[in-house]
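Structure first, commentary second.
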Amino acid sequence: MAFNHPGYTEWLAAETKLDAMPPLKRPAASTPSSKRRTRKTSTSLTLSIEDFHQLGDFAEAGLEAVRLALERADKALSDGRVPISGAAVEMKKTGALHVVAVGQNGRIPPLPSEETGYPTDHGETAAIREIEDVSKVDWSQVVFATSLSPCVMCGAALTWLWSLGLRRIVVAESLNFSGTADMLAKLDGMTVVRLSSVKAQSMMMKFSTKYPWDWAADIGEIPPSDLKFSQSLEERSESLRVLMAKMQSLMTPKGHVHCIAAVVSAKGIHASAEDERSQSGGNETRSAVMLAMGQAGSQVNLRECVLVFMAPGTVETNLDDFGSVSIGACKLFRPAKVVVTAPPVDELRASLEGAGIPVLVADT
Ligand SMILES: [Zn+2]
């Protein structure tokens with residue numbers, strides 16, 4: 001991944017040191033502090049409507065979406081959280097603006113909180129996940145803004161929204177992180193406005209310097225230190241048989257639920273989730289894989305974990321069941337292995353293995 005942020009460069013230089021750290025623990029300097037200060041959210045974002053001329057009639061919606069995203073990111077930074085946010089604003093036929101969703105990165109949970117963080121909530125996916133029914137949104141009238149150029153997971157999410165009609169994206173900052181903005185701009189009919197917001201750049205810089213561990217973990221760049229569990233799982237091995245036996249009761253779908261996913265390591269089952277797409281208008285950020293990886297929490301290094309995916313009653317594991325945004329999340333967080341209970345279609349296997357993720361079929 002092309003990633004030239006100074007904070008990231010520092011992290012790369014410190015990789016040997018990070019490698020030696022306990023795998024599931026943030027370095028002390030990176031631990032969210034209960035003494036986090038809060039201050040009034042700054043709205044001095046120096047945005048101008050002229051910056052959005054590419055959006056034509058949707059310029060106002062674009063400006064409002066960026067304003068909301070940066071305002072939320074600024075608040076996040078004040079609270080010691082990750083200052084990366086997303087916002088979707090719809091322009092109604094009357095010209096009125098309607099806020100569809102605003103979301104922020106969930107890696108560091110709010111305080112006080114019992115939560116452990118939600119790694120699949122990036123600015124974009126967090127905003128989308130909170131939409132109750134994505135099928136009720138007229139995406140052709142929406143401008144989606146992000147505070148930072150989308151990663152491969154969020155790029156997959158926005159590509160999926162493009163398939164639903166989204167044609168306008170604004171990226172507040174892509175100078176230091178190219179992300180997937182170029183790829184998104186190539187989608188048929190898509191307009192991507194790329195700003196160089198000094199405010200956004202400053203927030204990213206502050207955060208990555210102060211919390212290099214979280215910054216790196218947020219894009220799957222903390223190296224795994226223990227792969228023994230995933231390596232013990234081989235075709236027809238005893239370890240795989242034991243794992244699938246444990247999964248059996250857990251992974252029996254209830255009622256209409258079709259797909260189930262779980263995040264597992266030598267420490268046990270970190271999280272399991274049933275697919276919620278059918279209850280959310282097909283919201284791809286609520287696929288079983290996205291939910292399980294999110295609920296596993298930020299302390300888990302997904303690169304040391306095995307992702308188990310099951311779609312009972314199917315003879316093959318297809319792309320739709322697994323989910324397009326789920327594939328993006330796997331490419332980003334790179335679980336050590338994906339175990340499926342039915343052979344994957346070629347495209348799914350190629351996508352995962354192309355990202356260096358071995359796929360194992362477990363007979364159940
Ligand atoms: Zn992302």
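Here, A, B, ... name the chains of the structure tokens in the order displayed, residue numbers run from 1 inside each chain, and ligands are numbered from 1 in the same displayed order.
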
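Residue neighbourhood of Val82 of chain A, excluding near-sequence residues (fewer than 4 positions): Ala73, Asp74, Lys75, Ala76, Leu77, Ser78, Gln104, Asn105, Gly106, Arg107, Ile108, Pro109, His122, Gly123, Met203, Met204, Phe207, Ser208, Tyr211, Asp214, Trp215 and Asp218 of chain A, at 10 Å, using only C-alpha atoms.
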
Close residues to ligand 1 using only C-alpha atoms and all ligand atoms, limit 7 Å, as a PyMOL selection string: chain A and resi 122-124+150-154

Residues near Leu68 of chain A, anyone? I mean within 10 Å using only C-alpha atoms, not counting same-chain ones fewer than 6 positions away, as a ChimeraX atom specification. /A:43,62,74,85-89,99,101-103,145-147

Nearby residues (only C-alpha atoms) at most 8 Å from Pro343 of chain A, same-chain spacing under 3 positions excluded, as a VMD selection string: chain A and resid 315 to 317 340 361

Residues from the last selection, C-alpha atoms, saved as a short mmCIF file (atom, residue, chain, number, x, y, z; two decimals), in the first residue's frame:
data_model
loop_
_atom_site.label_atom_id
_atom_site.label_comp_id
_atom_site.auth_asym_id
_atom_site.auth_seq_id
_atom_site.Cartn_x
_atom_site.Cartn_y
_atom_site.Cartn_z
CA VAL A 315 -22.41 -26.18 -1.90
CA GLU A 316 -19.99 -23.35 -2.51
CA THR A 317 -18.95 -20.16 -0.73
CA VAL A 340 -14.82 -21.90 4.93
CA VAL A 361 -12.04 -25.73 3.29
#

Helix (DSSP H, G or I) positions in segment 121-345 of chain A, given as a PyMOL selection string: chain A and resi 123-129+134-136+139-141+152-163+181-185+198-210+212-217+228-232+238-250+277-279+284-286+288-295+302-304+319-322+324-333

What's the 8 Å shell around Leu291 of chain A, counting only C-alpha atoms, without same-chain residues fewer than 2 positions away, as a list in words?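 Final neighbour list, sorted by chain and number: Thr120, Ser272, Ala273, Glu274, Asp275, Thr285, Arg286, Ser287, Ala288, Val289, Met293, Gly294 and Gln295 of chain A.
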
Filtering to N, CA and C atoms, could you give me those residues as a PDB file, in the first residue's frame?
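Printed below is again00.pdb as written:
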ATOM      1  N   THR A 120     -13.381  -2.617  12.448  1.00  0.00           N
ATOM      2  CA  THR A 120     -13.914  -2.464  11.082  1.00  0.00           C
ATOM      3  C   THR A 120     -14.703  -1.167  10.915  1.00  0.00           C
ATOM      4  N   SER A 272     -18.194 -13.879  17.411  1.00  0.00           N
ATOM      5  CA  SER A 272     -18.903 -14.521  16.310  1.00  0.00           C
ATOM      6  C   SER A 272     -20.127 -13.679  16.002  1.00  0.00           C
ATOM      7  N   ALA A 273     -20.538 -13.685  14.761  1.00  0.00           N
ATOM      8  CA  ALA A 273     -21.663 -12.829  14.384  1.00  0.00           C
ATOM      9  C   ALA A 273     -22.472 -13.453  13.263  1.00  0.00           C
ATOM     10  N   GLU A 274     -23.761 -13.203  13.350  1.00  0.00           N
ATOM     11  CA  GLU A 274     -24.665 -13.622  12.292  1.00  0.00           C
ATOM     12  C   GLU A 274     -24.854 -12.454  11.328  1.00  0.00           C
ATOM     13  N   ASP A 275     -25.057 -12.778  10.095  1.00  0.00           N
ATOM     14  CA  ASP A 275     -25.236 -11.771   9.060  1.00  0.00           C
ATOM     15  C   ASP A 275     -26.486 -10.924   9.327  1.00  0.00           C
ATOM     16  N   THR A 285     -21.841  -3.370   5.327  1.00  0.00           N
ATOM     17  CA  THR A 285     -21.001  -3.226   6.526  1.00  0.00           C
ATOM     18  C   THR A 285     -21.573  -4.046   7.692  1.00  0.00           C
ATOM     19  N   ARG A 286     -22.712  -4.694   7.449  1.00  0.00           N
ATOM     20  CA  ARG A 286     -23.289  -5.560   8.474  1.00  0.00           C
ATOM     21  C   ARG A 286     -23.269  -7.026   8.043  1.00  0.00           C
ATOM     22  N   SER A 287     -22.328  -7.366   7.197  1.00  0.00           N
ATOM     23  CA  SER A 287     -22.142  -8.777   6.843  1.00  0.00           C
ATOM     24  C   SER A 287     -21.587  -9.502   8.064  1.00  0.00           C
ATOM     25  N   ALA A 288     -21.705 -10.820   8.063  1.00  0.00           N
ATOM     26  CA  ALA A 288     -21.207 -11.605   9.207  1.00  0.00           C
ATOM     27  C   ALA A 288     -19.720 -11.355   9.433  1.00  0.00           C
ATOM     28  N   VAL A 289     -18.954 -11.292   8.337  1.00  0.00           N
ATOM     29  CA  VAL A 289     -17.502 -11.099   8.463  1.00  0.00           C
ATOM     30  C   VAL A 289     -17.194  -9.724   9.048  1.00  0.00           C
ATOM     31  N   MET A 293     -15.380  -9.362  12.733  1.00  0.00           N
ATOM     32  CA  MET A 293     -14.071  -8.712  12.830  1.00  0.00           C
ATOM     33  C   MET A 293     -14.150  -7.440  13.672  1.00  0.00           C
ATOM     34  N   GLY A 294     -15.262  -6.747  13.595  1.00  0.00           N
ATOM     35  CA  GLY A 294     -15.440  -5.543  14.399  1.00  0.00           C
ATOM     36  C   GLY A 294     -15.592  -5.877  15.875  1.00  0.00           C
ATOM     37  N   GLN A 295     -16.442  -6.873  16.154  1.00  0.00           N
ATOM     38  CA  GLN A 295     -16.724  -7.228  17.548  1.00  0.00           C
ATOM     39  C   GLN A 295     -15.538  -7.910  18.231  1.00  0.00           C
TER      40      GLN A 295
END

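Using only C-alpha atoms, the nearest neighbour of Glu347 of chain A within the list A:Leu319, A:Leu195, A:Leu47, A:Cys330 is A:Leu319.
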
Quick one: pick out all strand (DSSP E) residues within segment 59-269 of chain A from a backbone DSSP run and write them as a ChimeraX atom specification. /A:85-91,97-104,142-146,168-171,191-194,260-265,268-269

Residue subset to file, keeping C-alpha atoms, as a tab-separated table (two decimals), in the first residue's frame:
chain	number	residue	atom	x	y	z
A	85	SER	CA	-14.59	10.35	9.83
A	86	GLY	CA	-17.11	9.99	7.06
A	87	ALA	CA	-20.38	11.75	6.31
A	88	ALA	CA	-23.13	11.29	3.75
A	89	VAL	CA	-25.39	14.21	2.83
A	90	GLU	CA	-28.33	13.88	0.49
A	91	MET	CA	-29.74	16.72	-1.57
A	97	LEU	CA	-29.92	19.01	2.55
A	98	HIS	CA	-30.49	15.86	4.59
A	99	VAL	CA	-27.78	14.27	6.71
A	100	VAL	CA	-27.87	10.53	5.99
A	101	ALA	CA	-25.09	9.54	8.38
A	102	VAL	CA	-21.93	10.71	10.13
A	103	GLY	CA	-19.49	8.19	11.52
A	104	GLN	CA	-16.02	8.03	12.97
A	142	VAL	CA	-25.82	11.79	-2.03
A	143	VAL	CA	-22.36	13.26	-1.57
A	144	PHE	CA	-20.13	11.08	0.58
A	145	ALA	CA	-17.21	12.85	2.28
A	146	THR	CA	-14.21	11.30	3.98
A	168	ARG	CA	-20.08	11.93	-5.75
A	169	ILE	CA	-17.26	11.58	-3.23
A	170	VAL	CA	-15.17	14.26	-1.56
A	171	VAL	CA	-11.84	13.35	0.01
A	191	THR	CA	-16.80	12.32	-9.51
A	192	VAL	CA	-14.14	12.41	-6.79
A	193	VAL	CA	-13.23	15.84	-5.44
A	194	ARG	CA	-9.81	15.75	-3.81
A	260	ILE	CA	-22.12	-16.75	10.25
A	261	ALA	CA	-18.53	-15.72	10.86
A	262	ALA	CA	-16.16	-16.03	13.80
A	263	VAL	CA	-12.73	-14.69	14.73
A	264	VAL	CA	-10.66	-17.33	16.48
A	265	SER	CA	-7.12	-17.56	17.85
A	268	GLY	CA	-10.36	-18.91	21.89
A	269	ILE	CA	-13.27	-17.43	20.02

So, counting only C-alpha atoms, which residue among A:Gln248, A:Ile357, A:Leu111, A:Ala127 is closest to Pro312 of chain A? A:Gln248

In Å, with one decimal, what is the gap from atom CA of Gly323 of chain A to atom CA of Pro344 of chain A?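 Value for the atom CA of Gly323 of chain A-atom CA of Pro344 of chain A distance: 12.4 Å.
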
Can you list, as a PyMOL selection string, every protein, DNA or RNA residue that comes within 10 Å of Leu175 of chain A when you count only C-alpha atoms, leaving out same-chain residues fewer than 2 positions away? chain A and resi 4-5+148-149+172-173+177-179+194-197+201

Take the residues from that selection and put them in a file with N, CA and C atoms, as a JSON list (two decimals), in the first residue's frame.
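Dumped to result_17.json:
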[["chain", "number", "residue", "atom", "x", "y", "z"],
["A", 4, "ASN", "N", 2.72, 7.28, 2.59],
["A", 4, "ASN", "CA", 3.91, 8.09, 2.75],
["A", 4, "ASN", "C", 3.86, 9.02, 3.95],
["A", 5, "HIS", "N", 2.88, 8.79, 4.82],
["A", 5, "HIS", "CA", 2.73, 9.70, 5.94],
["A", 5, "HIS", "C", 3.97, 9.65, 6.84],
["A", 148, "LEU", "N", -10.08, 11.35, 5.11],
["A", 148, "LEU", "CA", -8.81, 10.83, 4.59],
["A", 148, "LEU", "C", -9.13, 9.89, 3.43],
["A", 149, "SER", "N", -8.28, 9.85, 2.44],
["A", 149, "SER", "CA", -8.52, 8.97, 1.29],
["A", 149, "SER", "C", -8.81, 7.54, 1.77],
["A", 172, "ALA", "N", -11.18, 14.80, 1.86],
["A", 172, "ALA", "CA", -10.63, 16.04, 2.42],
["A", 172, "ALA", "C", -9.11, 16.07, 2.36],
["A", 173, "GLU", "N", -8.50, 14.89, 2.45],
["A", 173, "GLU", "CA", -7.04, 14.84, 2.49],
["A", 173, "GLU", "C", -6.54, 13.57, 1.81],
["A", 177, "PHE", "N", -1.73, 10.26, 1.96],
["A", 177, "PHE", "CA", -2.20, 8.87, 1.89],
["A", 177, "PHE", "C", -3.04, 8.76, 0.63],
["A", 178, "SER", "N", -2.50, 8.13, -0.39],
["A", 178, "SER", "CA", -3.22, 8.11, -1.68],
["A", 178, "SER", "C", -4.46, 7.24, -1.60],
["A", 179, "GLY", "N", -4.40, 6.13, -0.82],
["A", 179, "GLY", "CA", -5.56, 5.29, -0.64],
["A", 179, "GLY", "C", -6.18, 4.84, -1.95],
["A", 194, "ARG", "N", -10.92, 15.96, -4.74],
["A", 194, "ARG", "CA", -9.81, 15.75, -3.81],
["A", 194, "ARG", "C", -9.32, 17.09, -3.29],
["A", 195, "LEU", "N", -9.57, 17.32, -2.02],
["A", 195, "LEU", "CA", -9.12, 18.56, -1.39],
["A", 195, "LEU", "C", -7.77, 18.32, -0.74],
["A", 196, "SER", "N", -7.13, 19.38, -0.36],
["A", 196, "SER", "CA", -5.91, 19.25, 0.45],
["A", 196, "SER", "C", -6.13, 20.07, 1.70],
["A", 197, "SER", "N", -7.08, 19.60, 2.50],
["A", 197, "SER", "CA", -7.45, 20.34, 3.70],
["A", 197, "SER", "C", -6.30, 20.37, 4.70],
["A", 201, "GLN", "N", -5.06, 17.45, 7.28],
["A", 201, "GLN", "CA", -3.65, 17.02, 7.31],
["A", 201, "GLN", "C", -3.06, 17.17, 8.71]]

Which residue, A:Arg81, A:His270, A:Arg277, A:Lys186, has the smallest gap to Gln299 of chain A when you use only C-alpha atoms?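 Smallest distance to Gln299 of chain A is found for A:His270.
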
Trp160 of chain A environment, 12 Å, only C-alpha atoms, sequence neighbours closer than 3 positions dropped, as a ChimeraX atom specification: /A:125,128,134,139,153-157,163-167,184,187,282-285,320,323-328

Can you write just those residues out, C-alpha atoms, as a tab-separated table (two decimals), in the first residue's frame?
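Resulting contents of selection03.tsv:
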chain	number	residue	atom	x	y	z
A	125	THR	CA	-17.79	2.11	7.23
A	128	ILE	CA	-22.59	3.40	6.61
A	134	VAL	CA	-29.48	1.50	3.05
A	139	TRP	CA	-27.64	7.29	-3.36
A	153	MET	CA	-11.88	-1.75	2.93
A	154	CYS	CA	-13.57	1.63	2.69
A	155	GLY	CA	-12.83	1.76	-1.03
A	156	ALA	CA	-14.77	-1.51	-1.33
A	157	ALA	CA	-17.62	0.03	0.69
A	163	SER	CA	-23.36	0.10	-7.46
A	164	LEU	CA	-26.37	1.54	-5.61
A	165	GLY	CA	-26.09	4.89	-7.39
A	166	LEU	CA	-23.49	6.95	-5.48
A	167	ARG	CA	-21.72	9.25	-7.93
A	184	LEU	CA	-12.83	5.29	-7.12
A	187	LEU	CA	-15.72	4.13	-11.61
A	282	GLY	CA	-28.50	-5.18	2.29
A	283	ASN	CA	-26.00	-3.10	4.27
A	284	GLU	CA	-22.63	-4.64	3.39
A	285	THR	CA	-21.00	-3.23	6.53
A	320	ASP	CA	-22.40	-12.42	-2.32
A	323	GLY	CA	-19.60	-9.90	0.97
A	324	SER	CA	-17.66	-7.43	-1.14
A	325	VAL	CA	-16.82	-5.14	1.78
A	326	SER	CA	-15.83	-8.22	3.80
A	327	ILE	CA	-13.23	-8.98	1.14
A	328	GLY	CA	-11.95	-5.40	1.46

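Restricting the calculation to only C-alpha atoms, the smallest distance between Ala59 of chain A and any of A:Pro112, A:Met290, A:Gln141, A:Glu130 is found for A:Gln141.
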
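The gap separating atom CA of Leu360 of chain A from atom CA of Glu235 of chain A is 6.8 Å, in Å to one decimal.
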
Among listed residues A:Leu161, A:Leu55, A:Ala185, A:Ala329, nearest Leu302 of chain A (using only C-alpha atoms):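 Comparing A:Leu161, A:Leu55, A:Ala185, A:Ala329 against Leu302 of chain A, the winner is A:Ala329.
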